[in-house]
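Peer 1: Before anything else, here's the structure in question.
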Amino acid sequence: MAVTILIPTPLRPYVGGRDALELEGGSVGELLEQLAGEHAGLKRHLFADDGRLRSFVNVYVNDRDIRQLAQRETPVKAGDTVSIIPSIAGGATAVGVGAQHAAPLLSHEEILRYSRHLILPDVGVEGQKKLKAARVLLVGAGGLGSPAALYLAAAGVGTLGIVDFDVVDKTNLQRQVLHGTSTVGMPKLESAKQRIHDLNPNVRVETFETRLTAENALDIMRDFDIVADGTDNFPTRYLVNDACVLLDKPNVYGSIFRFEGQASVFHARQGPCYRCLYSEPPPPGLVPSCAEGGVLGVLPGIIGSIQAMETIKLILGVGEPLIGRLVLFDALKLQFRELKLEKDPDCPVCGTHPTVTELIDYEAFCGIGAEPSYDGAEITAQDLRTEWDRSPDLLVIDVREPHEYEIAHIDGAVLIPLSELPTRLGELDGHREIVTHCHHGARSLKALEILKAAGFSKVRSLRGGIDAWAVNVDPGIPRY
Amino acid sequence: MTLVLDPRQLAAIRRHGEAAYPAEACGLIGGAVEGDRKVALQLVPLANQRTDSARNRYLIDPTSFRRAQERLDRDGLEVIGVYHSHPDHPPAPSAFDRDHAWPWLSYVIVGVGAGHAADLKSWVLADDRGVFDEESITIEERKAVWQ
């Protein structure tokens with residue numbers, strides 16, 4: 001049995017008026033060459049002068065576009081049906097009234113700038129124009145957003161939208177290469193805009209200085225073609241996912257933790273969404289953020305670059321997008337692994353009977369309620385200094401990890417990492433006043449709760465952690 | 001070959017061009033070949049999928065083409081042509097039209113000046129892809145047309 005090739009009406013005159021042919025061959029490319037070889041008139045309509053399939057000629061194997069398979073290398077077997085499907089394009093010339101809305105032209109400067117793209121067969125002038133016409137939204141201008149913004153701008157993506165409301169902090173610079181020492185203290189959007197314009201003044205930067213919320217997400221995202229998610233928290237990640245599903249936009253996802261990262265492309269029309277993969281967020285506090293857990297600076301560079309690459313592939317329509325696949329990267333082993341992702345028919349957003357049909361309260365969904373009140377349970381760095389001087393009996397417990405203790409510590413504080421605290425309560429004297437401290441004051445509150453629950457009554461937590469101590473009490477301690 | 005259109009189809013193409021102005025309207029023409037006549041029997045108006053520059057470009061993607069083709073197939077018809085409008089431009093094919101054209105199909109273009117449909121012409125790509133040749137249009141009223 002051979003492969004059936006369905007011929008569309010405009011090409012039938014070249015194959016004797018027939019609407020289908022039977023051919024033998026192992027791949028789509030072989031079949032097409034055979035077809036063009038046997039029916040000479042067909043060749044110029046299927047292939048451009050450079051031998052590539054014309055852009056408006058679409059080939060499907062059974063029901064799948066070969067662009068989503070292996071292009072001309074897509075294998076075929078007996079019994080398959082290969083369909084040639086036209087896309088039809090055209091329009092008035094670009095001069096005159098419509099000129100301001102014309103498909104973008106490339107200036108001489110752009111042709112020179114993008115020359116290494118233009119000579120790539122899979123990009124070329126047409127691809128570069130697609131990049132120029134594209135509108136990509138980056139949610140977050142941090143670790144992941146930095147390399148993504150730089151590479152997308154360098155590649156000539158015409159419009160980059162950025163959502164962020166943060167200010168550049170010195171601790172960002174170890175990984176957020178979009179910003180620099182000279183822009184510390186500046187809003188990240190302003191810093192990003194400066195750097196992007198220096199890199200490529202052809203890029204239009206649209207800034208949204210706000211937290212992405214259920215109220216503004218649809219309005220901000222609606223005007224973009226692709227959303228790249230570089231958020232560092234679960235509520236925003238679920239928000240971006242749900243909004244992308246509702247707006248039918250591809251969501252180029254990346255996330256990082258310490259030495260590991262993951263990336264995928266969620267596009268509910270063609271594959272699973274983030275909720276198909278993780279239907280529920282982890283309990284709050286289980287997964288530490290970069291600020292708490294640390295991250296190797298190069299890691300977001302790698303994952304953010306994968307996001308930029310996938311975004312460009314989607315714009316160009318080349319290769320196999322990361323749809324339905326999750327790439328896991330382990331920097332210490334330098335290993336990439338790939339998981340197949342299936343669409344969940346019961347997914348609450350993109351399943352067959354969705355229950356989430358509008359944006360919801362994502363903070364509540366992720367179990368992040370109002371912060372419990374710690375009135376009176378916290379002490380400022382200055383007050384601690386004063387009290388400690390007055391009563392040297394006061395016990396200061398450092399609940400950070402030993403490697404953090406090595407970076408900087410408060411003289412006289414006792415190191416008991418938070419994870420060990422429940423088993424080391426016996427070392428503590430319940431009659432002494434206790435002050436717990438950590439890096440910024442979050443873990444020490446958890447320690448405080450553990451101690452209170454164990455019956456220790458005279459416990460307080462150092463507000464702002466060792467960082468506040470370094471700023472307000474002892475400038476001899478380095479901040480980190 | 002000549003393209004045979006019913007006056008009502010002619011009016012429908014003009015109306016579509018005016019309604020979409022200042023964007024380009026587009027659609028497929030289903031019909032049948034009778035000798036050297038391509039007889040239009042059903043119009044399939046489609047949404048212009050070029051949202052980035054709809055004033056001077058149109059696109060019918062393979063998915064919509066396929067869907068339209070399947071629908072026509074059920075009625076025993078085939079795609080014999082394409083129509084689109086040129087807002088504020090004469091109904092002559094552009095170089096872009098030619099670069100993206102399929103052979104044999106009739107390309108009907110209606111010029112829409114300042115929102116009002118004007119001239120309408122049909123074109124067929126030459127076999128060597130070098131030029132578009134104008135194709136004659138025969139207007140014939142039929143008793144029944146698919147709308």
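If you're wondering about the labels, chains in the structure tokens are A, B, ... by order shown, residues count from 1 in each chain, ligands from 1 in order shown.
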Identify every residue of chain B that has at least one atom within 9 Å of any atom of chain A, counting only C-alpha atoms, and report the result as a PyMOL selection string.
Peer 2: chain B and resi 22+24+52-66+78-82+84-105+127-129
Peer 1: List every residue of chain B that DSSP, applied to the backbone, labels as helix (DSSP H, G or I), and write the result as a PyMOL selection string.
Peer 2: chain B and resi 7-20+62-74+95-99
Peer 1: Take the selection from the previous step and output its residues with C-alpha atoms, as a PDB file, in the first residue's frame.
Peer 2:
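Below is the file part_31.pdb, written as the result:
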```
ATOM      1  CA  PRO B   7     -25.068  39.518  -9.766  1.00  0.00           C
ATOM      2  CA  ARG B   8     -25.950  38.725  -6.143  1.00  0.00           C
ATOM      3  CA  GLN B   9     -22.476  37.294  -5.562  1.00  0.00           C
ATOM      4  CA  LEU B  10     -20.962  40.357  -7.137  1.00  0.00           C
ATOM      5  CA  ALA B  11     -22.958  42.532  -4.747  1.00  0.00           C
ATOM      6  CA  ALA B  12     -21.966  40.342  -1.789  1.00  0.00           C
ATOM      7  CA  ILE B  13     -18.238  40.692  -2.558  1.00  0.00           C
ATOM      8  CA  ARG B  14     -18.615  44.483  -2.801  1.00  0.00           C
ATOM      9  CA  ARG B  15     -20.592  44.597   0.448  1.00  0.00           C
ATOM     10  CA  HIS B  16     -17.971  42.516   2.225  1.00  0.00           C
ATOM     11  CA  GLY B  17     -15.224  44.869   0.985  1.00  0.00           C
ATOM     12  CA  GLU B  18     -17.145  47.911   2.213  1.00  0.00           C
ATOM     13  CA  ALA B  19     -17.958  46.351   5.579  1.00  0.00           C
ATOM     14  CA  ALA B  20     -14.323  45.451   6.229  1.00  0.00           C
ATOM     15  CA  PRO B  62      -4.530  26.476   5.992  1.00  0.00           C
ATOM     16  CA  THR B  63      -6.945  25.573   8.775  1.00  0.00           C
ATOM     17  CA  SER B  64      -9.692  27.862   7.463  1.00  0.00           C
ATOM     18  CA  PHE B  65      -8.919  26.827   3.909  1.00  0.00           C
ATOM     19  CA  ARG B  66      -9.263  23.208   4.877  1.00  0.00           C
ATOM     20  CA  ARG B  67     -12.505  23.796   6.728  1.00  0.00           C
ATOM     21  CA  ALA B  68     -13.981  25.735   3.804  1.00  0.00           C
ATOM     22  CA  GLN B  69     -12.812  23.069   1.388  1.00  0.00           C
ATOM     23  CA  GLU B  70     -14.471  20.339   3.443  1.00  0.00           C
ATOM     24  CA  ARG B  71     -17.708  22.311   3.549  1.00  0.00           C
ATOM     25  CA  LEU B  72     -17.695  22.871  -0.200  1.00  0.00           C
ATOM     26  CA  ASP B  73     -16.836  19.237  -0.701  1.00  0.00           C
ATOM     27  CA  ARG B  74     -20.042  18.176   1.010  1.00  0.00           C
ATOM     28  CA  ALA B  95       3.702  42.046  -6.400  1.00  0.00           C
ATOM     29  CA  PHE B  96       2.884  40.593  -2.989  1.00  0.00           C
ATOM     30  CA  ASP B  97      -0.312  39.079  -4.419  1.00  0.00           C
ATOM     31  CA  ARG B  98       1.693  37.507  -7.207  1.00  0.00           C
ATOM     32  CA  ASP B  99       4.440  36.143  -4.974  1.00  0.00           C
TER      33      ASP B  99
END
```
Peer 1: Mind checking which residues fall within 12 Å of Gly426 of chain A, counting only C-alpha atoms, ignoring those fewer than 3 positions away in the same chain, and posting them as a PyMOL selection string?
Peer 2: chain A and resi 416+420-423+429-430+451+454-456
Peer 1: Generate a file of the selected residues that holds C-alpha atoms, formatted as a short mmCIF file (atom, residue, chain, number, x, y, z; two decimals), in the first residue's frame.
Peer 2:
```cif
data_model
loop_
_atom_site.label_atom_id
_atom_site.label_comp_id
_atom_site.auth_asym_id
_atom_site.auth_seq_id
_atom_site.Cartn_x
_atom_site.Cartn_y
_atom_site.Cartn_z
CA ILE A 416 20.60 26.55 65.61
CA GLU A 420 17.15 21.46 63.72
CA LEU A 421 15.31 23.66 66.17
CA PRO A 422 12.44 21.25 67.05
CA THR A 423 14.93 18.54 68.09
CA ASP A 429 16.76 27.53 79.01
CA GLY A 430 13.11 28.53 79.29
CA LEU A 451 9.31 28.02 70.43
CA ALA A 454 6.84 24.39 72.83
CA GLY A 455 5.98 26.58 75.79
CA PHE A 456 8.70 29.23 75.60
#
```
Peer 1: Among chain B, which ones does DSSP place in strand (DSSP E), written as a PyMOL selection string?
Peer 2: chain B and resi 2-5+26-34+37-46+58-60+78-87+106-113+116-125+132-139
Peer 1: Write out as a PyMOL selection string each polymer residue whose atoms come within 12 Å of Ser106 of chain B, counting only C-alpha atoms; drop sequence neighbours fewer than 2 positions from it.
Peer 2: (chain A and resi 9-10) or (chain B and resi 1-5+27-31+33+37-40+79-84+93+101-104+108-109+121-126+132-137)
Peer 1: For the residues in that selection, give me N, CA and C atoms as a short mmCIF file (atom, residue, chain, number, x, y, z; two decimals), in the first residue's frame.
Peer 2:
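This went into out20.cif:
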```cif
data_model
loop_
_atom_site.label_atom_id
_atom_site.label_comp_id
_atom_site.auth_asym_id
_atom_site.auth_seq_id
_atom_site.Cartn_x
_atom_site.Cartn_y
_atom_site.Cartn_z
N THR A 9 -7.37 21.95 -5.55
CA THR A 9 -7.84 22.30 -6.90
C THR A 9 -6.83 23.08 -7.74
N PRO A 10 -6.14 24.09 -7.19
CA PRO A 10 -5.27 24.86 -8.09
C PRO A 10 -4.14 24.04 -8.69
N MET B 1 -10.40 30.48 -19.97
CA MET B 1 -11.47 30.30 -18.98
C MET B 1 -12.11 31.64 -18.65
N THR B 2 -13.34 31.57 -18.34
CA THR B 2 -14.02 32.78 -17.87
C THR B 2 -14.63 32.46 -16.50
N LEU B 3 -14.72 33.47 -15.68
CA LEU B 3 -15.33 33.27 -14.37
C LEU B 3 -16.78 33.72 -14.43
N VAL B 4 -17.69 32.83 -14.07
CA VAL B 4 -19.11 33.16 -14.14
C VAL B 4 -19.61 33.50 -12.74
N LEU B 5 -20.09 34.72 -12.58
CA LEU B 5 -20.60 35.17 -11.28
C LEU B 5 -22.06 35.59 -11.41
N GLY B 27 -12.21 36.09 1.09
CA GLY B 27 -13.07 34.92 1.13
C GLY B 27 -12.73 33.98 0.00
N LEU B 28 -13.34 32.81 0.03
CA LEU B 28 -13.10 31.82 -1.02
C LEU B 28 -14.34 31.72 -1.90
N ILE B 29 -14.11 31.32 -3.14
CA ILE B 29 -15.22 31.14 -4.07
C ILE B 29 -15.30 29.65 -4.40
N GLY B 30 -16.44 29.06 -4.06
CA GLY B 30 -16.65 27.66 -4.37
C GLY B 30 -17.48 27.55 -5.65
N GLY B 31 -17.24 26.50 -6.40
CA GLY B 31 -18.01 26.37 -7.62
C GLY B 31 -17.67 25.10 -8.36
N VAL B 33 -16.43 23.51 -12.47
CA VAL B 33 -15.92 23.80 -13.81
C VAL B 33 -16.86 23.17 -14.82
N ARG B 37 -15.66 27.24 -18.48
CA ARG B 37 -16.24 28.22 -17.55
C ARG B 37 -16.05 27.75 -16.11
N LYS B 38 -15.57 28.67 -15.28
CA LYS B 38 -15.54 28.39 -13.84
C LYS B 38 -16.77 29.06 -13.26
N VAL B 39 -17.72 28.25 -12.83
CA VAL B 39 -18.99 28.82 -12.38
C VAL B 39 -19.01 28.93 -10.86
N ALA B 40 -19.12 30.17 -10.36
CA ALA B 40 -19.16 30.39 -8.91
C ALA B 40 -20.55 30.02 -8.39
N VAL B 79 -12.95 24.61 -4.51
CA VAL B 79 -12.47 25.99 -4.47
C VAL B 79 -12.03 26.39 -5.87
N ILE B 80 -12.71 27.36 -6.46
CA ILE B 80 -12.30 27.80 -7.81
C ILE B 80 -11.64 29.18 -7.77
N GLY B 81 -11.75 29.86 -6.65
CA GLY B 81 -11.13 31.18 -6.61
C GLY B 81 -11.11 31.79 -5.23
N VAL B 82 -10.55 32.97 -5.18
CA VAL B 82 -10.38 33.72 -3.93
C VAL B 82 -10.83 35.14 -4.23
N TYR B 83 -11.49 35.78 -3.28
CA TYR B 83 -11.71 37.22 -3.50
C TYR B 83 -11.13 38.00 -2.34
N HIS B 84 -10.67 39.22 -2.64
CA HIS B 84 -10.25 40.12 -1.57
C HIS B 84 -10.40 41.56 -2.03
N PRO B 93 -3.56 43.24 -9.06
CA PRO B 93 -2.75 42.47 -8.10
C PRO B 93 -1.43 43.18 -7.83
N ALA B 101 0.65 33.76 -4.89
CA ALA B 101 -0.52 33.24 -5.59
C ALA B 101 -0.40 31.75 -5.92
N TRP B 102 -1.54 31.12 -6.01
CA TRP B 102 -1.65 29.76 -6.50
C TRP B 102 -2.08 29.82 -7.97
N PRO B 103 -1.64 28.86 -8.76
CA PRO B 103 -2.06 28.85 -10.16
C PRO B 103 -3.53 28.47 -10.27
N TRP B 104 -4.09 28.69 -11.40
CA TRP B 104 -5.43 28.24 -11.81
C TRP B 104 -6.56 28.98 -11.08
N VAL B 108 -10.26 37.34 -7.51
CA VAL B 108 -11.16 38.48 -7.72
C VAL B 108 -10.77 39.58 -6.74
N ILE B 109 -10.53 40.77 -7.27
CA ILE B 109 -10.15 41.90 -6.41
C ILE B 109 -11.15 43.03 -6.60
N LYS B 121 -12.28 43.19 -10.57
CA LYS B 121 -11.64 42.46 -11.67
C LYS B 121 -11.19 41.08 -11.20
N SER B 122 -11.01 40.19 -12.15
CA SER B 122 -10.52 38.85 -11.81
C SER B 122 -9.21 38.58 -12.53
N TRP B 123 -8.31 37.89 -11.84
CA TRP B 123 -6.97 37.66 -12.35
C TRP B 123 -6.57 36.20 -12.14
N VAL B 124 -5.72 35.72 -13.07
CA VAL B 124 -5.20 34.36 -12.92
C VAL B 124 -3.70 34.41 -13.10
N LEU B 125 -2.99 33.69 -12.24
CA LEU B 125 -1.53 33.68 -12.30
C LEU B 125 -1.06 32.96 -13.56
N ALA B 126 -0.10 33.59 -14.27
CA ALA B 126 0.47 32.91 -15.44
C ALA B 126 1.26 31.69 -14.98
N PHE B 132 0.23 38.25 -13.54
CA PHE B 132 -1.18 37.91 -13.39
C PHE B 132 -1.88 38.33 -14.68
N ASP B 133 -2.64 37.46 -15.30
CA ASP B 133 -3.42 37.84 -16.49
C ASP B 133 -4.84 38.12 -16.07
N GLU B 134 -5.41 39.18 -16.64
CA GLU B 134 -6.80 39.46 -16.31
C GLU B 134 -7.69 38.39 -16.94
N GLU B 135 -8.70 38.01 -16.22
CA GLU B 135 -9.59 36.95 -16.66
C GLU B 135 -10.97 37.59 -16.88
N SER B 136 -11.65 37.15 -17.90
CA SER B 136 -12.96 37.76 -18.16
C SER B 136 -13.98 37.27 -17.12
N ILE B 137 -14.89 38.16 -16.79
CA ILE B 137 -15.96 37.80 -15.86
C ILE B 137 -17.28 37.82 -16.64
#
```
Peer 1: Write out as a VMD selection string the residues lying within 10 Å of segment 27-32 of chain A, counting only C-alpha atoms and excluding same-chain residues fewer than 2 positions away.
Peer 2: chain A and resid 3 to 5 22 to 25 34 to 38 42 to 43 46 to 47 53 59 to 61 66 70 to 77 82 84
Peer 1: Separation of atom CA of Ile303 of chain A and atom CA of Ala148 of chain A, in Å?
Peer 2: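 Spanning atom CA of Ile303 of chain A to atom CA of Ala148 of chain A is a straight-line distance of 8.9 Å.
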Peer 1: Contacts of segment 261-273 of chain A at 7 Å or less, counting only C-alpha atoms, minus same-chain residues fewer than 4 places along, as a count of residues only?
Peer 2: 28
Peer 1: Can you work out the spacing between atom CA of Thr436 of chain A and atom CA of Asp398 of chain A in Å, to one decimal?
Peer 2: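 The value is 6.0 Å.
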Peer 1: Could you state the separation of atom CA of Pro392 of chain A and atom CA of His440 of chain A in Å, given to one decimal place?
Peer 2: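 Result for atom CA of Pro392 of chain A versus atom CA of His440 of chain A: 23.6 Å, one decimal.
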